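Participant: Structure file run-v3.pdb (PDB, C-alpha atoms and all ligand atoms) is given on the next line.
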```pdb
ATOM      1  CA  MET Y 162     -39.195 159.784  26.449
ATOM      2  CA  GLU Y 163     -42.175 161.096  24.616
ATOM      3  CA  LYS Y 164     -40.532 160.896  21.247
ATOM      4  CA  MET Y 165     -38.655 157.682  21.716
ATOM      5  CA  PRO Y 166     -38.524 155.640  18.572
ATOM      6  CA  TYR Y 167     -40.133 152.261  19.175
ATOM      7  CA  GLN Y 168     -43.532 151.674  17.624
ATOM      8  CA  SER Y 169     -44.947 148.264  16.868
ATOM      9  CA  ALA Y 170     -45.561 149.394  13.298
ATOM     10  CA  LEU Y 171     -41.810 149.736  12.835
ATOM     11  CA  ASP Y 172     -41.259 146.073  13.600
ATOM     12  CA  VAL Y 173     -39.468 144.186  10.878
ATOM     13  CA  GLN Y 174     -38.257 140.641  10.818
ATOM     14  CA  PRO Y 175     -34.648 140.452  12.004
ATOM     15  CA  THR Y 176     -31.982 139.419   9.564
ATOM     16  CA  LEU Y 177     -29.870 136.385  10.351
ATOM     17  CA  ALA Y 178     -27.032 138.603  11.533
ATOM     18  CA  GLN Y 179     -29.353 140.474  13.861
ATOM     19  CA  THR Y 180     -30.785 137.320  15.417
ATOM     20  CA  MET Y 181     -27.281 136.473  16.574
ATOM     21  CA  TYR Y 182     -27.702 139.276  19.105
ATOM     22  CA  ALA Y 183     -31.236 138.411  20.103
ATOM     23  CA  GLU Y 184     -30.529 137.135  23.622
ATOM     24  CA  PRO Y 185     -27.065 138.206  24.711
ATOM     25  CA  VAL Y 186     -25.574 136.568  27.751
ATOM     26  CA  ALA Y 187     -22.021 137.849  27.616
ATOM     27  CA  VAL Y 188     -21.012 141.360  26.684
ATOM     28  CA  SER Y 189     -17.774 142.846  25.498
ATOM     29  CA  SER Y 190     -16.382 146.325  25.816
ATOM     30  CA  ASP Y 191     -18.094 147.216  22.510
ATOM     31  CA  TRP Y 192     -21.602 148.145  23.603
ATOM     32  CA  ARG Y 193     -22.974 147.335  20.153
ATOM     33  CA  THR Y 194     -22.365 143.628  20.700
ATOM     34  CA  GLY Y 195     -23.988 143.686  24.137
ATOM     35  CA  LEU Y 196     -24.627 146.387  26.707
ATOM     36  CA  PRO Y 197     -22.341 146.434  29.730
ATOM     37  CA  VAL Y 198     -23.757 145.790  33.188
ATOM     38  CA  LEU Y 199     -23.696 149.094  35.098
ATOM     39  CA  THR Y 200     -23.595 148.567  38.843
ATOM     40  CA  GLY Y 201     -24.355 151.182  41.468
ATOM     41  CA  ALA Y 202     -24.951 150.967  45.225
ATOM     42  CA  GLN Y 203     -28.588 149.865  44.910
ATOM     43  CA  VAL Y 204     -29.223 149.668  41.187
ATOM     44  CA  VAL Y 205     -27.973 147.367  38.441
ATOM     45  CA  LEU Y 206     -28.610 148.318  34.817
ATOM     46  CA  ARG Y 207     -28.299 145.596  32.214
ATOM     47  CA  GLU Y 208     -29.411 144.650  28.708
ATOM     48  CA  LEU Y 209     -33.122 143.957  28.301
ATOM     49  CA  ARG Y 210     -34.105 140.297  27.961
ATOM     50  CA  SER Y 211     -37.309 138.887  26.523
ATOM     51  CA  THR Y 212     -38.125 137.547  30.013
ATOM     52  CA  ASP Y 213     -38.390 141.180  31.235
ATOM     53  CA  ALA Y 214     -41.610 141.616  29.251
ATOM     54  CA  PRO Y 215     -44.100 140.574  31.998
ATOM     55  CA  SER Y 216     -42.696 142.850  34.719
ATOM     56  CA  LEU Y 217     -42.265 145.804  32.361
ATOM     57  CA  PHE Y 218     -45.808 145.309  31.113
ATOM     58  CA  ALA Y 219     -47.118 145.263  34.690
ATOM     59  CA  LEU Y 220     -45.123 148.280  35.881
ATOM     60  CA  LEU Y 221     -44.964 150.613  32.874
ATOM     61  CA  THR Y 222     -48.521 150.446  31.562
ATOM     62  CA  THR Y 223     -50.187 151.963  34.625
ATOM     63  CA  GLU Y 224     -51.951 155.292  34.185
ATOM     64  CA  GLU Y 225     -49.545 157.238  36.407
ATOM     65  CA  VAL Y 226     -46.423 155.950  34.618
ATOM     66  CA  SER Y 227     -47.700 156.202  31.050
ATOM     67  CA  ARG Y 228     -49.814 159.357  31.075
ATOM     68  CA  PHE Y 229     -47.074 161.690  29.750
ATOM     69  CA  ILE Y 230     -45.075 159.283  27.578
ATOM     70  CA  SER Y 231     -45.661 157.618  24.220
ATOM     71  CA  PRO Y 232     -48.162 154.834  24.773
ATOM     72  CA  PRO Y 233     -46.245 151.703  25.810
ATOM     73  CA  PRO Y 234     -47.082 148.302  24.290
ATOM     74  CA  THR Y 235     -50.442 147.056  25.525
ATOM     75  CA  THR Y 236     -49.556 143.372  25.920
ATOM     76  CA  VAL Y 237     -46.719 141.227  27.235
ATOM     77  CA  GLU Y 238     -46.137 140.114  23.651
ATOM     78  CA  GLY Y 239     -45.887 143.759  22.629
ATOM     79  CA  PHE Y 240     -43.111 144.241  25.191
ATOM     80  CA  GLU Y 241     -41.338 141.129  23.867
ATOM     81  CA  LYS Y 242     -41.381 142.704  20.400
ATOM     82  CA  PHE Y 243     -40.101 145.986  21.809
ATOM     83  CA  ILE Y 244     -37.225 144.151  23.539
ATOM     84  CA  ALA Y 245     -36.277 142.276  20.344
ATOM     85  CA  TRP Y 246     -36.415 145.589  18.451
ATOM     86  CA  ALA Y 247     -34.233 147.265  21.094
ATOM     87  CA  GLN Y 248     -31.607 144.555  20.738
ATOM     88  CA  ARG Y 249     -31.563 144.930  16.958
ATOM     89  CA  GLN Y 250     -31.211 148.711  17.216
ATOM     90  CA  ARG Y 251     -28.375 148.312  19.727
ATOM     91  CA  ALA Y 252     -26.593 145.898  17.379
ATOM     92  CA  ALA Y 253     -27.016 148.510  14.630
ATOM     93  CA  GLY Y 254     -25.380 151.075  16.922
ATOM     94  CA  SER Y 255     -28.242 153.564  17.037
ATOM     95  CA  TYR Y 256     -29.932 152.882  20.363
ATOM     96  CA  ALA Y 257     -29.294 151.529  23.845
ATOM     97  CA  CYS Y 258     -31.983 150.493  26.308
ATOM     98  CA  PHE Y 259     -31.131 149.328  29.824
ATOM     99  CA  ALA Y 260     -33.376 147.371  32.164
ATOM    100  CA  VAL Y 261     -33.395 148.854  35.666
ATOM    101  CA  THR Y 262     -33.019 146.213  38.378
ATOM    102  CA  LEU Y 263     -32.213 146.354  42.080
ATOM    103  CA  ARG Y 264     -29.049 144.729  43.401
ATOM    104  CA  GLY Y 265     -29.804 141.125  44.313
ATOM    105  CA  PHE Y 266     -33.097 141.089  42.362
ATOM    106  CA  ASP Y 267     -33.060 140.540  38.629
ATOM    107  CA  THR Y 268     -36.610 141.763  37.995
ATOM    108  CA  ALA Y 269     -36.813 144.685  35.554
ATOM    109  CA  ILE Y 270     -38.599 147.594  37.243
ATOM    110  CA  GLY Y 271     -38.015 150.214  34.563
ATOM    111  CA  ILE Y 272     -35.969 151.292  31.582
ATOM    112  CA  PHE Y 273     -33.473 153.958  30.529
ATOM    113  CA  GLN Y 274     -33.059 154.469  26.808
ATOM    114  CA  VAL Y 275     -30.690 156.541  24.673
ATOM    115  CA  ARG Y 276     -31.074 157.021  20.940
ATOM    116  CA  ASP Y 277     -28.901 158.546  18.269
ATOM    117  CA  LEU Y 278     -30.176 161.835  16.839
ATOM    118  CA  SER Y 279     -27.271 162.272  14.434
ATOM    119  CA  SER Y 280     -25.420 159.879  12.183
ATOM    120  CA  GLY Y 281     -22.615 159.117  14.616
ATOM    121  CA  PHE Y 282     -24.212 159.471  18.068
ATOM    122  CA  GLU Y 283     -22.713 162.943  18.656
ATOM    123  CA  THR Y 284     -26.189 164.116  19.635
ATOM    124  CA  ALA Y 285     -28.643 161.843  21.376
ATOM    125  CA  GLU Y 286     -31.921 161.826  23.269
ATOM    126  CA  TRP Y 287     -32.627 159.913  26.443
ATOM    127  CA  GLY Y 288     -35.760 158.853  28.238
ATOM    128  CA  PHE Y 289     -36.768 156.767  31.223
ATOM    129  CA  ALA Y 290     -39.700 155.176  32.993
ATOM    130  CA  ILE Y 291     -39.710 153.427  36.351
ATOM    131  CA  GLY Y 292     -42.511 151.592  38.137
ATOM    132  CA  SER Y 293     -44.285 154.004  40.479
ATOM    133  CA  ALA Y 294     -43.585 151.859  43.567
ATOM    134  CA  PHE Y 295     -39.945 152.901  43.134
ATOM    135  CA  TRP Y 296     -40.448 156.634  42.663
ATOM    136  CA  GLY Y 297     -38.759 158.852  45.182
ATOM    137  CA  THR Y 298     -36.424 156.036  46.313
ATOM    138  CA  GLY Y 299     -33.181 157.173  44.689
ATOM    139  CA  VAL Y 300     -33.409 154.495  41.978
ATOM    140  CA  PHE Y 301     -33.895 157.145  39.291
ATOM    141  CA  GLN Y 302     -30.964 159.286  40.400
ATOM    142  CA  GLU Y 303     -28.524 156.425  40.644
ATOM    143  CA  GLY Y 304     -29.678 154.851  37.395
ATOM    144  CA  ALA Y 305     -29.483 158.216  35.639
ATOM    145  CA  GLU Y 306     -25.905 158.797  36.813
ATOM    146  CA  LEU Y 307     -24.885 155.372  35.508
ATOM    147  CA  VAL Y 308     -26.571 155.987  32.163
ATOM    148  CA  LEU Y 309     -25.001 159.438  31.831
ATOM    149  CA  GLN Y 310     -21.568 157.978  32.457
ATOM    150  CA  PHE Y 311     -22.215 155.313  29.817
ATOM    151  CA  THR Y 312     -23.618 157.867  27.379
ATOM    152  CA  PHE Y 313     -20.824 160.417  27.642
ATOM    153  CA  ASP Y 314     -17.844 158.165  28.364
ATOM    154  CA  THR Y 315     -18.643 154.939  26.490
ATOM    155  CA  ILE Y 316     -20.785 156.061  23.554
ATOM    156  CA  GLY Y 317     -19.071 159.438  23.355
ATOM    157  CA  VAL Y 318     -22.183 161.593  23.087
ATOM    158  CA  HIS Y 319     -21.494 165.334  23.015
ATOM    159  CA  ARG Y 320     -25.030 166.676  23.532
ATOM    160  CA  LEU Y 321     -27.842 164.748  25.228
ATOM    161  CA  GLU Y 322     -31.389 166.015  24.857
ATOM    162  CA  ALA Y 323     -34.578 165.160  26.709
ATOM    163  CA  ARG Y 324     -38.169 166.235  26.295
ATOM    164  CA  ALA Y 325     -40.732 166.301  29.076
ATOM    165  CA  ALA Y 326     -44.354 167.366  28.862
ATOM    166  CA  VAL Y 327     -44.755 170.635  30.778
ATOM    167  CA  LEU Y 328     -47.497 168.946  32.822
ATOM    168  CA  ASN Y 329     -45.142 166.123  33.861
ATOM    169  CA  GLY Y 330     -43.996 167.427  37.256
ATOM    170  CA  ARG Y 331     -41.900 164.409  38.246
ATOM    171  CA  GLY Y 332     -40.309 164.114  34.783
ATOM    172  CA  ASN Y 333     -39.267 167.779  34.847
ATOM    173  CA  GLY Y 334     -38.125 167.562  38.476
ATOM    174  CA  ALA Y 335     -36.077 164.454  37.738
ATOM    175  CA  LEU Y 336     -34.339 166.046  34.743
ATOM    176  CA  ARG Y 337     -33.569 169.259  36.595
ATOM    177  CA  LYS Y 338     -32.090 167.526  39.600
ATOM    178  CA  ILE Y 339     -29.766 165.456  37.410
ATOM    179  CA  GLY Y 340     -28.384 168.638  35.864
ATOM    180  CA  ALA Y 341     -30.320 168.936  32.606
ATOM    181  CA  VAL Y 342     -30.670 172.531  31.431
ATOM    182  CA  GLN Y 343     -33.966 173.863  30.096
ATOM    183  CA  GLU Y 344     -33.439 175.326  26.631
ATOM    184  CA  GLY Y 345     -36.968 176.121  25.619
ATOM    185  CA  VAL Y 346     -40.556 175.041  25.303
ATOM    186  CA  LEU Y 347     -41.698 173.124  22.236
ATOM    187  CA  ARG Y 348     -45.256 174.318  21.822
ATOM    188  CA  LYS Y 349     -47.909 171.702  21.117
ATOM    189  CA  SER Y 350     -45.213 169.227  20.127
ATOM    190  CA  PHE Y 351     -46.497 166.033  21.727
ATOM    191  CA  LEU Y 352     -49.780 164.364  20.809
ATOM    192  CA  ARG Y 353     -51.218 162.404  23.747
ATOM    193  CA  ASP Y 354     -54.779 161.149  23.988
ATOM    194  CA  GLY Y 355     -55.906 163.413  21.164
ATOM    195  CA  GLN Y 356     -54.389 166.559  22.714
ATOM    196  CA  TYR Y 357     -51.248 168.429  21.711
ATOM    197  CA  LEU Y 358     -49.113 169.114  24.793
ATOM    198  CA  ASP Y 359     -46.241 171.572  25.242
ATOM    199  CA  GLN Y 360     -42.886 170.004  26.059
ATOM    200  CA  VAL Y 361     -39.808 171.362  27.784
ATOM    201  CA  LEU Y 362     -36.614 170.745  25.812
ATOM    202  CA  TYR Y 363     -33.629 169.945  28.050
ATOM    203  CA  ALA Y 364     -30.012 169.308  27.145
ATOM    204  CA  MET Y 365     -26.825 168.236  28.878
ATOM    205  CA  LEU Y 366     -23.407 168.748  27.312
ATOM    206  CA  ASP Y 367     -20.487 166.388  27.916
ATOM    207  CA  VAL Y 368     -18.339 169.274  29.169
ATOM    208  CA  ASP Y 369     -20.974 170.380  31.687
ATOM    209  CA  TRP Y 370     -21.521 166.820  32.876
ATOM    210  CA  ARG Y 371     -17.776 166.275  33.403
ATOM    211  CA  ARG Y 372     -17.569 169.487  35.413
ATOM    212  CA  GLN Y 373     -20.675 168.568  37.423
ATOM    213  CA  ARG Y 374     -19.353 165.042  38.088
ATOM    214  CA  GLU Y 375     -16.296 166.428  39.834
ATOM    215  CA  THR Y 376     -18.576 167.695  42.599
ATOM    216  CA  MET Y 377     -20.642 164.485  42.900
ATOM    217  CA  ALA Y 378     -19.944 161.224  44.736
ATOM    218  CA  PRO Y 379     -18.447 158.719  42.312
ATOM    219  CA  VAL Y 380     -20.559 155.839  40.988
ATOM    220  CA  SER Y 381     -18.881 152.582  40.137
ATOM    221  CA  VAL Y 382     -19.449 151.047  36.745
ATOM    222  CA  SER Y 383     -18.498 147.429  36.408
ATOM    223  CA  ILE Y 384     -18.378 145.972  32.926
ATOM    224  CA  HIS Y 385     -18.960 142.240  32.605
TER     225      HIS Y 385
HETATM  226  C1  LIG Y 401     -39.477 160.232  35.598
HETATM  227  C2  LIG Y 401     -39.185 159.190  36.661
HETATM  228  C3  LIG Y 401     -38.307 158.079  36.100
HETATM  229  C4  LIG Y 401     -38.436 159.883  37.798
HETATM  230  O1  LIG Y 401     -38.251 158.974  38.849
HETATM  231  P1  LIG Y 401     -38.676 159.437  40.337
HETATM  232  O2  LIG Y 401     -38.234 158.389  41.283
HETATM  233  O3  LIG Y 401     -40.096 159.826  40.322
HETATM  234  O4  LIG Y 401     -37.746 160.727  40.465
HETATM  235  P2  LIG Y 401     -37.247 161.400  41.783
HETATM  236  O5  LIG Y 401     -38.272 161.257  42.868
HETATM  237  O6  LIG Y 401     -35.881 160.914  42.075
HETATM  238  O7  LIG Y 401     -37.104 162.898  41.294
HETATM  239  C5  LIG Y 401     -38.242 163.621  40.919
HETATM  240  C6  LIG Y 401     -38.088 165.008  41.466
HETATM  241  O8  LIG Y 401     -39.191 165.788  41.007
HETATM  242  C7  LIG Y 401     -39.792 166.400  42.110
HETATM  243  N1  LIG Y 401     -41.206 166.528  41.831
HETATM  244  C8  LIG Y 401     -42.191 165.682  42.105
HETATM  245  N2  LIG Y 401     -43.361 166.167  41.684
HETATM  246  C9  LIG Y 401     -43.080 167.360  41.129
HETATM  247  C10 LIG Y 401     -43.880 168.351  40.518
HETATM  248  N3  LIG Y 401     -45.202 168.217  40.398
HETATM  249  N4  LIG Y 401     -43.266 169.451  40.025
HETATM  250  C11 LIG Y 401     -41.928 169.595  40.136
HETATM  251  N5  LIG Y 401     -41.132 168.683  40.715
HETATM  252  C12 LIG Y 401     -41.709 167.583  41.204
HETATM  253  C13 LIG Y 401     -39.537 165.464  43.263
HETATM  254  O9  LIG Y 401     -39.665 166.136  44.493
HETATM  255  C14 LIG Y 401     -38.120 165.027  42.978
HETATM  256  O10 LIG Y 401     -37.154 165.961  43.381
HETATM  257  P3  LIG Y 401     -36.388 165.806  44.807
HETATM  258  O11 LIG Y 401     -35.794 164.424  44.829
HETATM  259  O12 LIG Y 401     -35.383 166.900  44.776
HETATM  260  O13 LIG Y 401     -37.429 165.980  45.854
HETATM  261  C15 LIG Y 401     -40.523 158.565  37.188
HETATM  262  O14 LIG Y 401     -41.272 159.558  37.870
HETATM  263  C16 LIG Y 401     -41.349 157.963  36.071
HETATM  264  O15 LIG Y 401     -41.079 156.845  35.644
HETATM  265  N6  LIG Y 401     -42.375 158.702  35.581
HETATM  266  C17 LIG Y 401     -43.240 158.178  34.529
HETATM  267  C18 LIG Y 401     -42.560 158.147  33.172
HETATM  268  C19 LIG Y 401     -42.058 159.521  32.799
HETATM  269  O16 LIG Y 401     -42.756 160.499  32.965
HETATM  270  N7  LIG Y 401     -40.824 159.560  32.261
HETATM  271  C20 LIG Y 401     -40.117 160.785  32.032
HETATM  272  C21 LIG Y 401     -40.482 161.471  30.819
HETATM  273  S1  LIG Y 401     -39.492 162.962  30.646
END
```
Please express the file's structure as structure tokens.

Facilitator:
Amino acid sequence: MEKMPYQSALDVQPTLAQTMYAEPVAVSSDWRTGLPVLTGAQVVLRELRSTDAPSLFALLTTEEVSRFISPPPTTVEGFEKFIAWAQRQRAAGSYACFAVTLRGFDTAIGIFQVRDLSSGFETAEWGFAIGSAFWGTGVFQEGAELVLQFTFDTIGVHRLEARAAVLNGRGNGALRKIGAVQEGVLRKSFLRDGQYLDQVLYAMLDVDWRRQRETMAPVSVSIH
């Protein structure tokens, strides 16, 4: 999450072709034309919409959520720009960002994002942030399982990395419990509030995830 790519400075005006994807309502089996809706027992993950900006602003800019991640946008308008950027990057095939919602409630309470680290999405990095009212509720675990299935089965990622500040207890705990393997510590690799922090580098391989999934309860993924 710490090194996820969106920064307001990277904003560029969308081309005409990109604006065609600005507010998708229907999606196809090609995730680049619109993310599928991933449905679990309590969680529904779907494409971000510009109307998600107010709730994401309210939930993801608190001190406890943002202290170990790249600074989120500081205004609702900043989140709207981030969402438009995310849709353009998805259409370009280099990034996917899901809104986390609860079944029966369409309000976005968090995000999961996956970005390409190679030219063809063989290697990727993922990150996540969820409003603190929903921590420890199982929302993360279920959302993560849905995103992993999408990442390995739909995108076809071979190696999925994550970075978590060593000081981020919940972030590290969350990654470990989902099966991410610690590969090392990246010393002083993350600048936050004027301080360089150490980060743990985690990775999951498609083969390990497939083996691990055989021992887990299945999650259903419905594609609309
Ligand atoms: C990361 C995040 C999405 C995880 O969601 P969550 O609901 O808090 O995660 P969970 O409670 O399911 O899992 C966290 C695990 O870490 C454990 N944990 C909590 N504090 C911990 C600590 N200080 N040290 C180690 N483990 C800790 C929890 O006990 C839990 O494990 P358990 O379910 O086996 O008990 C959420 O905490 C968040 O949005 N944090 C802010 C943004 C962020 O840091 N993103 C991740 C960057 S890598």

Participant: Between Y:Glu283, Y:Glu208, Y:Glu322, Y:Asp191, which one has atoms that come closest to ligand LIG 401 (chain Y), using only C-alpha atoms and all ligand atoms?

Facilitator: Y:Glu322

Participant: For Phe311 of chain Y, which residue out of Y:Gly355, Y:Gly340, Y:Gly334, Y:Pro197 is the nearest one, using only C-alpha atoms?

Facilitator: Y:Pro197

Participant: Name the closest residue to ligand LIG 401 (chain Y) among the candidates Y:Arg374, Y:Lys242, Y:Arg353, Y:Arg337; distances are taken between atoms, counting only C-alpha atoms and all ligand atoms.

Facilitator: Y:Arg337

Participant: Please enumerate the residues selected by the PyMOL selection byres (((chain Y and resi 203) around 9) and not hetatm) when evaluated against the supplied file, formatted as a list in words.

Facilitator: Thr200, Gly201, Ala202, Val204, Val205, Thr262, Leu263, Arg264, Gly265, Gly299, Val300 and Glu303 of chain Y

Participant: Looking at Y:Leu347, Y:Leu199, Y:Leu309, Y:Ala326, which one is nearest to Arg371 of chain Y, with distances taken over all atoms listed in the file?

Facilitator: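 Nearest candidate to Arg371 of chain Y out of Y:Leu347, Y:Leu199, Y:Leu309, Y:Ala326: Y:Leu309.
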
Participant: Would you mind listing the residues within 10 Å of ligand LIG 401 (chain Y), counting only C-alpha atoms and all ligand atoms, as a PyMOL selection string?

Facilitator: chain Y and resi 162-164+220-231+270-273+287-305+323-339+360-363

Participant: List the residues matched by the PyMOL selection byres (((chain Y and resi 241) around 8) and not hetatm) in the displayed structure as a PDB file with C-alpha atoms, keeping the file's coordinate frame, ordered by chain and then by residue number.

Facilitator:
```
ATOM      1  CA  SER Y 211     -37.309 138.887  26.523  1.00  0.00           C
ATOM      2  CA  THR Y 212     -38.125 137.547  30.013  1.00  0.00           C
ATOM      3  CA  ASP Y 213     -38.390 141.180  31.235  1.00  0.00           C
ATOM      4  CA  ALA Y 214     -41.610 141.616  29.251  1.00  0.00           C
ATOM      5  CA  VAL Y 237     -46.719 141.227  27.235  1.00  0.00           C
ATOM      6  CA  GLU Y 238     -46.137 140.114  23.651  1.00  0.00           C
ATOM      7  CA  GLY Y 239     -45.887 143.759  22.629  1.00  0.00           C
ATOM      8  CA  PHE Y 240     -43.111 144.241  25.191  1.00  0.00           C
ATOM      9  CA  LYS Y 242     -41.381 142.704  20.400  1.00  0.00           C
ATOM     10  CA  PHE Y 243     -40.101 145.986  21.809  1.00  0.00           C
ATOM     11  CA  ILE Y 244     -37.225 144.151  23.539  1.00  0.00           C
ATOM     12  CA  ALA Y 245     -36.277 142.276  20.344  1.00  0.00           C
TER      13      ALA Y 245
END
```

Participant: Here is a test: counting all atoms listed in the file, which residue of Y:Thr376, Y:Thr194, Y:Gln274, Y:Ser350 is nearest to Gly254 of chain Y?

Facilitator: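 Answer, going by the shortest atom-to-atom distance: Y:Thr194.
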
Participant: For Glu306 of chain Y, which residue among Y:Thr284, Y:Leu278, Y:Leu206, Y:Tyr357 is the nearest when counting all atoms listed in the file?

Facilitator: Y:Leu206

Participant: So the first atom is atom CA of Trp192 of chain Y and the second is atom CA of Ala219 of chain Y; what is the distance between them in Å, to one decimal place?

Facilitator: 28.0 Å

Participant: Could you spell out the hits of the PyMOL selection byres (((chain Y and resi 275) around 9) and not hetatm) on the shown file, as a list of chain:residue names?

Facilitator: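 Against this file, the PyMOL selection byres (((chain Y and resi 275) around 9) and not hetatm) returns the residues Y:Met165, Y:Ser255, Y:Tyr256, Y:Ala257, Y:Cys258, Y:Phe259, Y:Phe273, Y:Gln274, Y:Arg276, Y:Asp277, Y:Ala285, Y:Glu286, Y:Trp287, Y:Gly288, Y:Phe289, Y:Val308, Y:Thr312, Y:Leu321.
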
Participant: To test the calculation: enclose all listed atoms of segment 265-272 of chain Y in a box whose edges run along x, y and z, add 5 Å on each side, then state centre and edge lengths in Å to one decimal, as lines of an AutoDock Vina configuration file.

Facilitator:
```
center_x = -34.2
center_y = 145.9
center_z = 37.9
size_x = 18.8
size_y = 20.8
size_z = 22.7
```

Participant: Figure out the distance between atom CA of Leu366 of chain Y and atom CA of Ala260 of chain Y, please, to one decimal in Å.

Facilitator: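 So the two atoms, atom CA of Ala260 of chain Y and atom CA of Leu366 of chain Y, lie 24.1 Å apart.
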
Participant: Record the distance separating atom CA of Leu307 of chain Y and atom CA of Arg251 of chain Y, expressed in Å with one decimal.

Facilitator: 17.6 Å
